[in-house]
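Structure file coords-v8.txt (compact mmCIF, C-alpha atoms) follows.
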```txt
# COMPACT_ATOMS: atom_id res chain seq x y z
CA MET A 528 -7.88 -35.89 14.11
CA LYS A 529 -5.32 -35.41 16.88
CA ASN A 530 -6.42 -33.37 19.88
CA PHE A 531 -3.67 -30.78 19.38
CA ASN A 532 -5.32 -29.73 16.13
CA ASN A 533 -8.06 -28.14 18.21
CA ASN A 534 -5.51 -25.63 19.53
CA ILE A 535 -4.06 -24.59 16.18
CA ARG A 536 -5.27 -21.27 14.84
CA LYS A 537 -6.88 -21.70 11.44
CA VAL A 538 -6.95 -18.65 9.17
CA LYS A 539 -7.45 -17.95 5.50
CA PRO A 540 -4.20 -16.22 4.55
CA TYR A 541 -3.55 -13.20 2.38
CA ILE A 542 -2.62 -14.21 -1.16
CA PRO A 543 0.29 -12.10 -2.45
CA GLY A 544 0.86 -11.36 -6.10
CA GLU A 545 2.75 -13.92 -8.13
CA GLN A 546 6.54 -13.57 -8.14
CA PRO A 547 7.67 -15.09 -11.46
CA GLN A 548 11.10 -16.71 -11.39
CA GLU A 549 11.89 -16.68 -15.09
CA ILE A 550 13.91 -13.86 -16.64
CA ASN A 551 12.85 -11.36 -19.32
CA VAL A 552 9.33 -10.85 -17.98
CA ILE A 553 7.32 -7.66 -17.75
CA LYS A 554 6.18 -7.69 -14.15
CA LEU A 555 3.14 -5.46 -13.65
CA ASN A 556 1.24 -7.43 -11.00
CA THR A 557 2.48 -6.16 -7.61
CA ASN A 558 2.74 -2.37 -8.07
CA GLU A 559 6.51 -2.24 -7.69
CA ASN A 560 8.41 0.79 -8.91
CA PRO A 561 10.03 0.03 -12.30
CA TYR A 562 12.95 2.37 -11.60
CA PRO A 563 15.87 1.78 -9.23
CA PRO A 564 16.03 3.53 -5.85
CA SER A 565 18.12 6.63 -5.28
CA PRO A 566 21.72 6.10 -6.46
CA ASN A 567 22.89 7.51 -3.11
CA ILE A 568 22.35 4.15 -1.47
CA LEU A 569 25.19 2.54 -3.44
CA GLU A 570 27.64 4.62 -1.44
CA VAL A 571 26.01 3.56 1.81
CA LEU A 572 26.33 -0.11 0.90
CA LYS A 573 30.08 0.37 0.55
CA THR A 574 30.27 1.44 4.20
CA ILE A 575 28.56 -1.66 5.61
CA ASN A 576 30.84 -3.52 8.04
CA ASP A 577 30.49 -6.70 10.06
CA ASP A 578 28.99 -4.82 13.03
CA CYS A 579 25.86 -4.27 10.94
CA LEU A 580 25.45 -8.03 10.83
CA ARG A 581 26.88 -9.01 14.22
CA LEU A 582 25.14 -6.52 16.51
CA TYR A 583 21.46 -6.01 17.23
CA PRO A 584 19.95 -2.93 15.57
CA ASP A 585 18.62 0.03 17.54
CA PRO A 586 15.20 -1.14 18.77
CA GLU A 587 13.88 2.42 18.53
CA SER A 588 15.22 2.97 14.98
CA LYS A 589 16.16 6.49 16.03
CA ILE A 590 18.11 7.54 12.93
CA LEU A 591 15.25 6.60 10.60
CA VAL A 592 12.57 8.05 12.86
CA LYS A 593 14.49 11.34 12.97
CA ALA A 594 14.98 11.38 9.20
CA LEU A 595 11.26 10.84 8.62
CA ALA A 596 10.29 13.44 11.23
CA ASP A 597 12.59 15.98 9.57
CA PHE A 598 11.25 15.11 6.11
CA TYR A 599 7.62 15.62 7.15
CA ASN A 600 8.23 18.46 9.65
CA LEU A 601 7.03 16.37 12.60
CA ASN A 602 8.33 15.66 16.06
CA GLU A 603 10.15 12.37 16.44
CA ASN A 604 7.51 11.15 18.90
CA GLN A 605 4.95 11.39 16.07
CA VAL A 606 6.64 8.72 13.90
CA PHE A 607 6.60 4.92 14.14
CA VAL A 608 8.54 2.64 11.78
CA GLY A 609 8.23 -1.03 10.85
CA ILE A 610 9.13 -3.69 8.31
CA GLY A 611 7.04 -2.41 5.44
CA SER A 612 3.58 -0.94 5.85
CA ASP A 613 2.11 -4.44 6.31
CA ASP A 614 4.04 -4.76 9.56
CA VAL A 615 2.97 -1.26 10.62
CA LEU A 616 -0.68 -1.92 9.77
CA ALA A 617 -0.66 -5.22 11.64
CA MET A 618 0.67 -3.38 14.70
CA CYS A 619 -2.11 -0.81 14.26
CA PHE A 620 -4.76 -3.53 14.20
CA LEU A 621 -3.32 -5.06 17.37
CA THR A 622 -3.01 -1.72 19.11
CA PHE A 623 -6.09 0.26 18.18
CA PHE A 624 -8.86 -2.16 17.23
CA ASN A 625 -9.90 -3.72 20.54
CA SER A 626 -13.55 -2.70 20.76
CA LEU A 627 -16.49 -5.09 20.84
CA ASN A 628 -17.95 -2.99 18.02
CA PRO A 629 -16.90 -3.94 14.48
CA ILE A 630 -14.30 -1.96 12.59
CA ILE A 631 -15.32 -0.75 9.13
CA PHE A 632 -13.45 -0.87 5.84
CA PRO A 633 -14.50 -0.98 2.15
CA ASP A 634 -15.71 -4.19 0.53
CA ILE A 635 -13.27 -3.66 -2.34
CA THR A 636 -9.94 -2.73 -0.81
CA TYR A 637 -6.57 -4.07 0.31
CA SER A 638 -7.33 -7.71 1.01
CA PHE A 639 -5.01 -7.96 4.02
CA TYR A 640 -7.49 -6.01 6.21
CA ASN A 641 -9.96 -8.85 6.72
CA VAL A 642 -7.05 -11.31 7.15
CA TRP A 643 -5.66 -9.32 10.09
CA ALA A 644 -9.15 -8.87 11.52
CA ASP A 645 -9.73 -12.63 11.40
CA LEU A 646 -6.27 -13.41 12.77
CA PHE A 647 -6.68 -11.07 15.75
CA ASN A 648 -10.38 -11.88 16.32
CA ILE A 649 -11.46 -8.33 15.52
CA PRO A 650 -15.12 -7.96 14.47
CA TYR A 651 -15.54 -6.11 11.18
CA LYS A 652 -18.07 -4.97 8.62
CA TYR A 653 -17.69 -4.00 5.00
CA SER A 654 -18.83 -0.68 3.60
CA VAL A 655 -19.91 -1.24 0.00
CA LEU A 656 -18.31 1.02 -2.59
CA ASP A 657 -20.77 2.79 -4.87
CA LYS A 658 -21.29 1.87 -8.54
CA ASN A 659 -18.25 3.95 -9.48
CA PHE A 660 -16.11 2.18 -6.86
CA MET A 661 -15.98 5.25 -4.64
CA ILE A 662 -16.08 5.14 -0.83
CA VAL A 663 -19.41 6.35 0.54
CA LYS A 664 -18.42 8.51 3.51
CA GLU A 665 -21.86 8.35 5.15
CA ASP A 666 -21.39 4.60 5.64
CA TYR A 667 -18.76 5.46 8.24
CA PHE A 668 -20.98 7.77 10.30
CA LYS A 669 -22.39 4.92 12.43
CA GLU A 670 -21.16 3.32 15.64
CA ASN A 671 -18.01 1.29 15.10
CA GLY A 672 -14.79 0.06 16.70
CA GLY A 673 -12.46 1.82 14.29
CA ILE A 674 -12.04 2.68 10.63
CA ILE A 675 -9.40 1.92 8.02
CA PHE A 676 -9.26 2.58 4.29
CA PRO A 677 -6.56 3.23 1.70
CA ASN A 678 -6.35 6.55 -0.10
CA PRO A 679 -5.98 6.13 -3.01
CA ASN A 680 -7.94 2.95 -2.60
CA ALA A 681 -6.57 -0.36 -3.79
CA PRO A 682 -7.12 -2.02 -6.15
CA THR A 683 -9.23 0.74 -7.71
CA GLY A 684 -6.67 3.58 -7.52
CA LEU A 685 -9.37 6.12 -6.75
CA GLU A 686 -8.76 9.06 -4.43
CA MET A 687 -11.11 10.36 -1.75
CA ASN A 688 -10.85 14.10 -1.29
CA ILE A 689 -9.49 15.45 1.98
CA SER A 690 -12.73 17.17 2.94
CA ASP A 691 -14.55 13.82 2.90
CA ILE A 692 -11.82 12.25 5.03
CA GLU A 693 -12.19 15.09 7.51
CA ASP A 694 -15.95 14.56 7.54
CA ILE A 695 -15.35 10.91 8.52
CA LEU A 696 -13.00 12.06 11.28
CA MET A 697 -15.55 14.56 12.59
CA HIS A 698 -18.13 11.78 12.88
CA ASN A 699 -15.71 9.36 14.58
CA LYS A 700 -13.92 11.23 17.35
CA ASP A 701 -14.12 8.29 19.78
CA VAL A 702 -12.37 5.67 17.61
CA ILE A 703 -9.10 5.45 15.69
CA VAL A 704 -9.22 6.25 11.98
CA ILE A 705 -6.36 4.88 9.87
CA VAL A 706 -5.69 6.20 6.38
CA ASP A 707 -3.43 3.83 4.45
CA GLU A 708 -1.50 6.01 2.00
CA ALA A 709 0.68 3.41 0.27
CA TYR A 710 0.07 5.09 -3.10
CA VAL A 711 -0.27 8.72 -2.08
CA ASP A 712 2.92 9.92 -3.76
CA PHE A 713 1.65 9.25 -7.29
CA GLY A 714 -0.46 12.37 -7.62
CA SER A 715 -2.99 12.36 -4.77
CA HIS A 716 -3.20 14.40 -1.57
CA SER A 717 -2.09 13.22 1.85
CA ALA A 718 -4.31 13.59 4.90
CA LEU A 719 -1.18 14.15 7.01
CA PRO A 720 -1.98 17.82 7.79
CA LEU A 721 -5.12 16.62 9.61
CA ILE A 722 -3.10 14.97 12.41
CA LYS A 723 -2.61 18.45 13.88
CA LYS A 724 -6.37 18.71 14.32
CA TYR A 725 -7.44 15.12 15.01
CA LYS A 726 -5.66 13.12 17.71
CA ASN A 727 -7.41 9.92 16.61
CA LEU A 728 -5.90 9.90 13.10
CA ILE A 729 -3.08 7.59 11.99
CA ILE A 730 -1.45 7.96 8.57
CA VAL A 731 0.46 4.94 7.23
CA GLN A 732 2.91 5.18 4.32
CA THR A 733 5.62 3.00 2.78
CA PHE A 734 8.95 3.07 0.96
CA SER A 735 7.92 0.05 -1.13
CA LYS A 736 6.16 1.84 -3.98
CA SER A 737 7.35 5.37 -4.65
CA ARG A 738 10.87 4.89 -3.23
CA SER A 739 11.57 1.52 -4.94
CA PHE A 740 12.20 -0.26 -1.63
CA ALA A 741 9.76 -3.18 -1.89
CA GLY A 742 12.64 -5.60 -1.36
CA VAL A 743 14.05 -3.65 1.59
CA ARG A 744 10.82 -3.29 3.63
CA ILE A 745 10.25 0.04 5.35
CA GLY A 746 6.86 1.33 6.43
CA TYR A 747 5.87 4.03 8.89
CA ALA A 748 2.95 5.54 10.74
CA MET A 749 2.44 9.19 11.70
CA GLY A 750 0.06 10.57 14.27
CA ASP A 751 -0.39 11.98 17.74
CA SER A 752 2.45 11.19 20.14
CA GLU A 753 0.17 9.18 22.45
CA LEU A 754 -0.88 6.92 19.60
CA ILE A 755 2.72 6.44 18.50
CA GLU A 756 3.74 5.58 22.05
CA SER A 757 1.00 2.95 22.17
CA LEU A 758 2.24 1.47 18.89
CA ASN A 759 5.78 1.26 20.22
CA ASN A 760 4.58 -0.43 23.40
CA VAL A 761 2.86 -3.13 21.37
CA LYS A 762 5.87 -3.48 19.06
CA HIS A 763 8.24 -3.96 22.01
CA SER A 764 5.87 -6.58 23.39
CA PHE A 765 6.07 -8.41 20.07
CA ASN A 766 9.57 -7.89 18.59
CA SER A 767 11.86 -5.01 19.55
CA TYR A 768 14.52 -5.54 16.88
CA THR A 769 12.42 -5.19 13.77
CA ILE A 770 14.49 -3.14 11.31
CA ASN A 771 18.04 -4.29 10.65
CA GLN A 772 21.01 -1.93 10.71
CA ILE A 773 21.55 -1.96 6.94
CA THR A 774 17.93 -1.08 6.25
CA LEU A 775 18.05 1.80 8.75
CA LYS A 776 21.08 3.31 7.00
CA LEU A 777 19.54 2.87 3.55
CA GLY A 778 16.24 4.38 4.66
CA VAL A 779 17.92 7.51 5.98
CA GLU A 780 19.94 7.92 2.80
CA VAL A 781 17.08 7.44 0.35
CA LEU A 782 15.17 10.33 1.96
CA LYS A 783 17.99 12.75 1.13
CA ASN A 784 17.69 12.68 -2.65
CA LYS A 785 14.40 14.51 -3.14
CA VAL A 786 15.21 15.55 -6.70
CA TYR A 787 15.62 11.94 -7.84
CA PHE A 788 12.46 10.96 -5.93
CA LEU A 789 10.32 13.60 -7.61
CA ASP A 790 11.80 12.87 -11.03
CA THR A 791 10.90 9.18 -10.70
CA LEU A 792 7.35 10.04 -9.68
CA LYS A 793 7.01 12.36 -12.66
CA LYS A 794 8.07 9.60 -15.06
CA ILE A 795 5.60 7.11 -13.58
CA GLU A 796 2.72 9.61 -13.63
CA SER A 797 3.50 10.58 -17.23
CA THR A 798 3.57 6.94 -18.34
CA ARG A 799 0.35 6.27 -16.43
CA GLU A 800 -1.48 9.06 -18.25
CA TRP A 801 -0.11 7.89 -21.62
CA THR A 802 -1.24 4.34 -20.85
CA LYS A 803 -4.73 5.55 -19.93
CA LYS A 804 -5.15 7.21 -23.32
CA GLU A 805 -3.92 4.17 -25.21
CA LEU A 806 -6.07 1.69 -23.26
CA ARG A 807 -9.17 3.80 -23.85
CA LYS A 808 -8.49 3.62 -27.59
CA LEU A 809 -8.50 -0.16 -27.28
CA GLY A 810 -11.90 -0.29 -25.57
CA PHE A 811 -10.87 -0.42 -21.93
CA PHE A 812 -12.89 1.30 -19.22
CA PHE A 813 -11.53 2.57 -15.90
CA GLN A 814 -11.89 5.39 -13.41
CA ASP A 815 -9.21 8.05 -12.92
CA SER A 816 -6.44 6.25 -11.03
CA LYS A 817 -4.14 8.33 -8.83
CA ALA A 818 -1.90 5.36 -8.00
CA ASN A 819 0.89 3.60 -9.89
CA PHE A 820 -1.57 1.19 -11.47
CA ILE A 821 -4.75 1.17 -13.56
CA PHE A 822 -7.80 -0.92 -12.64
CA ALA A 823 -9.47 -1.66 -15.96
CA ARG A 824 -12.00 -3.84 -17.74
CA HIS A 825 -12.52 -4.31 -21.45
CA ASN A 826 -15.86 -3.66 -23.09
CA ILE A 827 -15.88 -7.04 -24.87
CA CYS A 828 -12.99 -9.28 -23.85
CA PRO A 829 -13.21 -10.97 -20.41
CA ALA A 830 -10.49 -10.08 -17.92
CA LYS A 831 -9.58 -13.73 -17.30
CA GLU A 832 -8.91 -14.24 -21.00
CA LEU A 833 -6.74 -11.14 -21.19
CA PHE A 834 -4.89 -12.15 -18.03
CA GLU A 835 -3.99 -15.53 -19.53
CA ALA A 836 -3.08 -14.07 -22.91
CA LEU A 837 -0.74 -11.56 -21.30
CA ARG A 838 0.78 -14.21 -19.05
CA ASN A 839 1.50 -16.41 -22.07
CA GLN A 840 3.59 -13.50 -23.36
CA HIS A 841 5.42 -13.27 -20.01
CA ILE A 842 3.51 -10.11 -19.09
CA TYR A 843 2.21 -10.39 -15.54
CA VAL A 844 -0.78 -8.34 -14.34
CA ARG A 845 -3.17 -8.99 -11.44
CA HIS A 846 -6.60 -10.58 -11.77
CA PHE A 847 -9.00 -10.94 -8.83
CA GLU A 848 -11.77 -13.54 -8.59
CA SER A 849 -14.01 -11.50 -6.26
CA ALA A 850 -17.61 -11.07 -7.38
CA ARG A 851 -17.71 -7.35 -8.13
CA ILE A 852 -14.27 -7.10 -9.71
CA HIS A 853 -13.75 -10.42 -11.49
CA ASP A 854 -13.85 -8.68 -14.88
CA TYR A 855 -11.10 -6.21 -14.03
CA LEU A 856 -7.33 -6.29 -14.35
CA ARG A 857 -4.99 -4.31 -12.15
CA ILE A 858 -2.09 -3.23 -14.32
CA SER A 859 0.94 -1.73 -12.59
CA ILE A 860 2.72 1.08 -14.39
CA GLY A 861 6.12 0.00 -15.66
CA THR A 862 8.63 1.93 -17.71
CA GLN A 863 7.45 3.72 -20.83
CA LYS A 864 9.02 0.97 -22.96
CA GLN A 865 7.27 -1.78 -20.97
CA MET A 866 3.89 -0.10 -21.27
CA GLU A 867 4.37 0.40 -25.00
CA THR A 868 5.02 -3.35 -25.29
CA VAL A 869 1.85 -4.11 -23.33
CA VAL A 870 -0.30 -1.78 -25.41
CA SER A 871 1.13 -3.15 -28.65
CA PHE A 872 0.35 -6.73 -27.64
CA LEU A 873 -3.17 -5.85 -26.50
CA LYS A 874 -3.85 -4.02 -29.74
CA ASP A 875 -2.86 -7.05 -31.82
CA TYR A 876 -4.61 -9.54 -29.55
CA LEU A 877 -7.91 -7.66 -29.45
CA GLU A 878 -7.87 -7.20 -33.21
CA TYR A 879 -7.24 -10.84 -34.11
CA ARG A 880 -8.69 -12.87 -31.18
```
Since I need it in another form, could you write the structure as structure tokens?
Amino acid sequence: MKNFNNNIRKVKPYIPGEQPQEINVIKLNTNENPYPPSPNILEVLKTINDDCLRLYPDPESKILVKALADFYNLNENQVFVGIGSDDVLAMCFLTFFNSLNPIIFPDITYSFYNVWADLFNIPYKYSVLDKNFMIVKEDYFKENGGIIFPNPNAPTGLEMNISDIEDILMHNKDVIVIVDEAYVDFGSHSALPLIKKYKNLIIVQTFSKSRSFAGVRIGYAMGDSELIESLNNVKHSFNSYTINQITLKLGVEVLKNKVYFLDTLKKIESTREWTKKELRKLGFFFQDSKANFIFARHNICPAKELFEALRNQHIYVRHFESARIHDYLRISIGTQKQMETVVSFLKDYLEYR
């Protein structure tokens, strides 16, 4: 081994969902929105000129920050933006989790959390979800260096009620609490109103899921102005020009069409509830997801077998190998037609396997 290898950081990376390259697939493995983004953005794309490519973007992303602040009735100094919520969350880890005490997050959750913690040498501990995959709030009432959890949780899709989140905040006034709300728009309740009461709360959301911008990459954090200032200071010490000019323009425009946004959410939620009923008829078990996916296991058929059978039909869902969830599939909600195809295949497969 060469000596320089001793100075190379070794980490176990996050494993993203598979991105199939073939055409005519039903892609339900990465929780993307099956519907196109607001049609308004097509007009914006027509206005793009060479300056958007030639010149650096605004390092403070002012037009997007203002649009988000107006949308959520916040001050501009309460909003931070980044390249998708992964970028924002990574900045949060760097900025807020610098204690010698371990941060706490669920044992079954977004699997990037432990990757960032390892990458940045942040000590951490898992809080074990209960038998119903719910967060146990009392596990977060002990000394720690910070707290993060998604709500709804991923990959389970389960929502923690706001009163329990506030209870966690009341017991952790000396550390930063981050609520990752990537899936909040699909029928759950945001903890955003609590930032008026708790200066140690950061809410992180994204355009990737509910606004069909997974390929564009916009994420944002909301919280007390002092926390947002700290995030910006770290960002500008890392990379000032994060969001390109085209993305800034598109992000502002997509926020304007609230009617289209709500209509898309309604379609996804309706299809989700239909899919729940049909999967239960086929012998699947799952808790009440409030996200744009269902986390399910079958009473008889192993998840790995179902995953492979679906994949052979060019239907992609997500299967995890982790100990407590190896018999579950995470199935993103597609269009009504896509979900009818999935249910029809599963019905035939389970009947004749």
Check your understanding: Which residues, written as number ranges by chain, have at least one atom at most 9 Å from A:Ile675, with only C-alpha atoms counted and residues fewer than 3 positions away on the same chain left out?
Key -> A: 630-633, 640, 703-707
Exercise for review: May I ask for the distance between atom CA of A:His698 and atom CA of A:Phe676, given in Å to one decimal place?
Suggested key: 15.4 Å
Surrounding residues of A:Pro540 excluding itself and chain neighbours under 6 positions, 9 Å, all atoms listed in the file, as a PDB file with C-alpha atoms, in the coordinates of the input:
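File out-v4.pdb, as written:
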```pdb
ATOM      1  CA  PHE A 639      -5.010  -7.960   4.020  1.00  0.00           C
ATOM      2  CA  VAL A 642      -7.050 -11.310   7.150  1.00  0.00           C
ATOM      3  CA  TRP A 643      -5.660  -9.320  10.090  1.00  0.00           C
ATOM      4  CA  LEU A 646      -6.270 -13.410  12.770  1.00  0.00           C
TER       5      LEU A 646
END
```
Practice item. Dig up all the protein and nucleic acid residues within 9 Å of (15.9, 9.3, 9.0) in the file frame, using only C-alpha atoms, and format them as a ChimeraX atom specification. Key: /A:588-598,775-776,778-783
Review point. Which one is closest to A:Ser612: A:Glu708, A:Ala718, A:His846, A:Tyr787? Count all atoms listed in the file.
Key: A:Glu708
Check your understanding: Out of A:Glu693, A:Thr683, A:Asn699, A:Gly746, which residue has the shortest atom-to-atom distance to A:Phe668 when counting only C-alpha atoms?
Key -> A:Asn699
Identify, on the basis of only C-alpha atoms, every residue whose closest approach to stretch 856-859 of chain A does not exceed 10 Å; exclude the query and any residue fewer than 6 positions from it along the same chain; express the result as a compact mmCIF listing (two decimals) with C-alpha atoms, keeping the file's coordinate frame.
```
# COMPACT_ATOMS: atom_id res chain seq x y z
CA LYS A 554 6.18 -7.69 -14.15
CA LEU A 555 3.14 -5.46 -13.65
CA ASN A 556 1.24 -7.43 -11.00
CA THR A 557 2.48 -6.16 -7.61
CA ASN A 558 2.74 -2.37 -8.07
CA GLU A 559 6.51 -2.24 -7.69
CA ASN A 560 8.41 0.79 -8.91
CA PRO A 561 10.03 0.03 -12.30
CA ALA A 681 -6.57 -0.36 -3.79
CA PRO A 682 -7.12 -2.02 -6.15
CA THR A 683 -9.23 0.74 -7.71
CA GLY A 684 -6.67 3.58 -7.52
CA ARG A 799 0.35 6.27 -16.43
CA PHE A 813 -11.53 2.57 -15.90
CA ALA A 818 -1.90 5.36 -8.00
CA ASN A 819 0.89 3.60 -9.89
CA PHE A 820 -1.57 1.19 -11.47
CA ILE A 821 -4.75 1.17 -13.56
CA PHE A 822 -7.80 -0.92 -12.64
CA ALA A 823 -9.47 -1.66 -15.96
CA ARG A 824 -12.00 -3.84 -17.74
CA HIS A 825 -12.52 -4.31 -21.45
CA PRO A 829 -13.21 -10.97 -20.41
CA ALA A 830 -10.49 -10.08 -17.92
CA LYS A 831 -9.58 -13.73 -17.30
CA LEU A 833 -6.74 -11.14 -21.19
CA PHE A 834 -4.89 -12.15 -18.03
CA TYR A 843 2.21 -10.39 -15.54
CA VAL A 844 -0.78 -8.34 -14.34
CA ARG A 845 -3.17 -8.99 -11.44
CA HIS A 846 -6.60 -10.58 -11.77
CA PHE A 847 -9.00 -10.94 -8.83
CA MET A 866 3.89 -0.10 -21.27
CA VAL A 869 1.85 -4.11 -23.33
```
Practice item. Using all atoms listed in the file, pick whichever of A:Tyr562, A:Phe765, A:Phe624, A:Phe647 has the shortest atom-to-atom distance to A:Val538. Key: A:Phe647
What would the file be for stretch 676-728 of chain A if you keep C-alpha atoms and write it as a PDB file, in the first residue's frame?
```
ATOM      1  CA  PHE A 676     -35.676  12.919  11.752  1.00  0.00           C
ATOM      2  CA  PRO A 677     -37.964  12.996   8.721  1.00  0.00           C
ATOM      3  CA  ASN A 678     -41.664  13.654   9.086  1.00  0.00           C
ATOM      4  CA  PRO A 679     -43.238  11.702   7.495  1.00  0.00           C
ATOM      5  CA  ASN A 680     -40.449   9.252   8.119  1.00  0.00           C
ATOM      6  CA  ALA A 681     -38.741   7.465   5.263  1.00  0.00           C
ATOM      7  CA  PRO A 682     -38.959   4.736   4.198  1.00  0.00           C
ATOM      8  CA  THR A 683     -41.974   4.022   6.408  1.00  0.00           C
ATOM      9  CA  GLY A 684     -44.144   7.007   5.381  1.00  0.00           C
ATOM     10  CA  LEU A 685     -45.468   7.403   8.908  1.00  0.00           C
ATOM     11  CA  GLU A 686     -46.263  10.807  10.391  1.00  0.00           C
ATOM     12  CA  MET A 687     -45.430  12.008  13.890  1.00  0.00           C
ATOM     13  CA  ASN A 688     -48.012  14.416  15.240  1.00  0.00           C
ATOM     14  CA  ILE A 689     -47.007  18.012  15.864  1.00  0.00           C
ATOM     15  CA  SER A 690     -47.556  17.819  19.613  1.00  0.00           C
ATOM     16  CA  ASP A 691     -44.931  15.060  19.873  1.00  0.00           C
ATOM     17  CA  ILE A 692     -42.488  17.114  17.814  1.00  0.00           C
ATOM     18  CA  GLU A 693     -43.055  20.044  20.135  1.00  0.00           C
ATOM     19  CA  ASP A 694     -42.455  17.773  23.118  1.00  0.00           C
ATOM     20  CA  ILE A 695     -39.066  16.832  21.631  1.00  0.00           C
ATOM     21  CA  LEU A 696     -38.277  20.521  21.146  1.00  0.00           C
ATOM     22  CA  MET A 697     -39.233  21.340  24.733  1.00  0.00           C
ATOM     23  CA  HIS A 698     -36.803  18.690  25.988  1.00  0.00           C
ATOM     24  CA  ASN A 699     -33.966  19.840  23.698  1.00  0.00           C
ATOM     25  CA  LYS A 700     -33.704  23.618  23.947  1.00  0.00           C
ATOM     26  CA  ASP A 701     -29.886  23.575  23.953  1.00  0.00           C
ATOM     27  CA  VAL A 702     -29.354  21.705  20.664  1.00  0.00           C
ATOM     28  CA  ILE A 703     -30.565  22.068  17.083  1.00  0.00           C
ATOM     29  CA  VAL A 704     -33.552  19.965  16.054  1.00  0.00           C
ATOM     30  CA  ILE A 705     -33.988  19.374  12.313  1.00  0.00           C
ATOM     31  CA  VAL A 706     -37.273  18.113  10.898  1.00  0.00           C
ATOM     32  CA  ASP A 707     -36.801  16.804   7.364  1.00  0.00           C
ATOM     33  CA  GLU A 708     -40.130  17.355   5.598  1.00  0.00           C
ATOM     34  CA  ALA A 709     -39.347  16.009   2.126  1.00  0.00           C
ATOM     35  CA  TYR A 710     -42.770  14.331   1.961  1.00  0.00           C
ATOM     36  CA  VAL A 711     -44.872  16.731   4.006  1.00  0.00           C
ATOM     37  CA  ASP A 712     -47.017  17.954   1.107  1.00  0.00           C
ATOM     38  CA  PHE A 713     -48.709  14.588   0.569  1.00  0.00           C
ATOM     39  CA  GLY A 714     -51.221  14.874   3.395  1.00  0.00           C
ATOM     40  CA  SER A 715     -49.271  15.404   6.617  1.00  0.00           C
ATOM     41  CA  HIS A 716     -48.766  18.478   8.791  1.00  0.00           C
ATOM     42  CA  SER A 717     -45.718  20.721   8.737  1.00  0.00           C
ATOM     43  CA  ALA A 718     -43.933  21.745  11.923  1.00  0.00           C
ATOM     44  CA  LEU A 719     -43.156  25.108  10.309  1.00  0.00           C
ATOM     45  CA  PRO A 720     -45.423  27.125  12.658  1.00  0.00           C
ATOM     46  CA  LEU A 721     -43.200  26.022  15.558  1.00  0.00           C
ATOM     47  CA  ILE A 722     -40.226  28.089  14.317  1.00  0.00           C
ATOM     48  CA  LYS A 723     -41.967  31.151  15.765  1.00  0.00           C
ATOM     49  CA  LYS A 724     -41.713  29.570  19.211  1.00  0.00           C
ATOM     50  CA  TYR A 725     -38.473  27.573  19.039  1.00  0.00           C
ATOM     51  CA  LYS A 726     -35.296  29.264  17.831  1.00  0.00           C
ATOM     52  CA  ASN A 727     -33.466  25.925  17.681  1.00  0.00           C
ATOM     53  CA  LEU A 728     -35.776  24.390  15.045  1.00  0.00           C
TER      54      LEU A 728
END
```
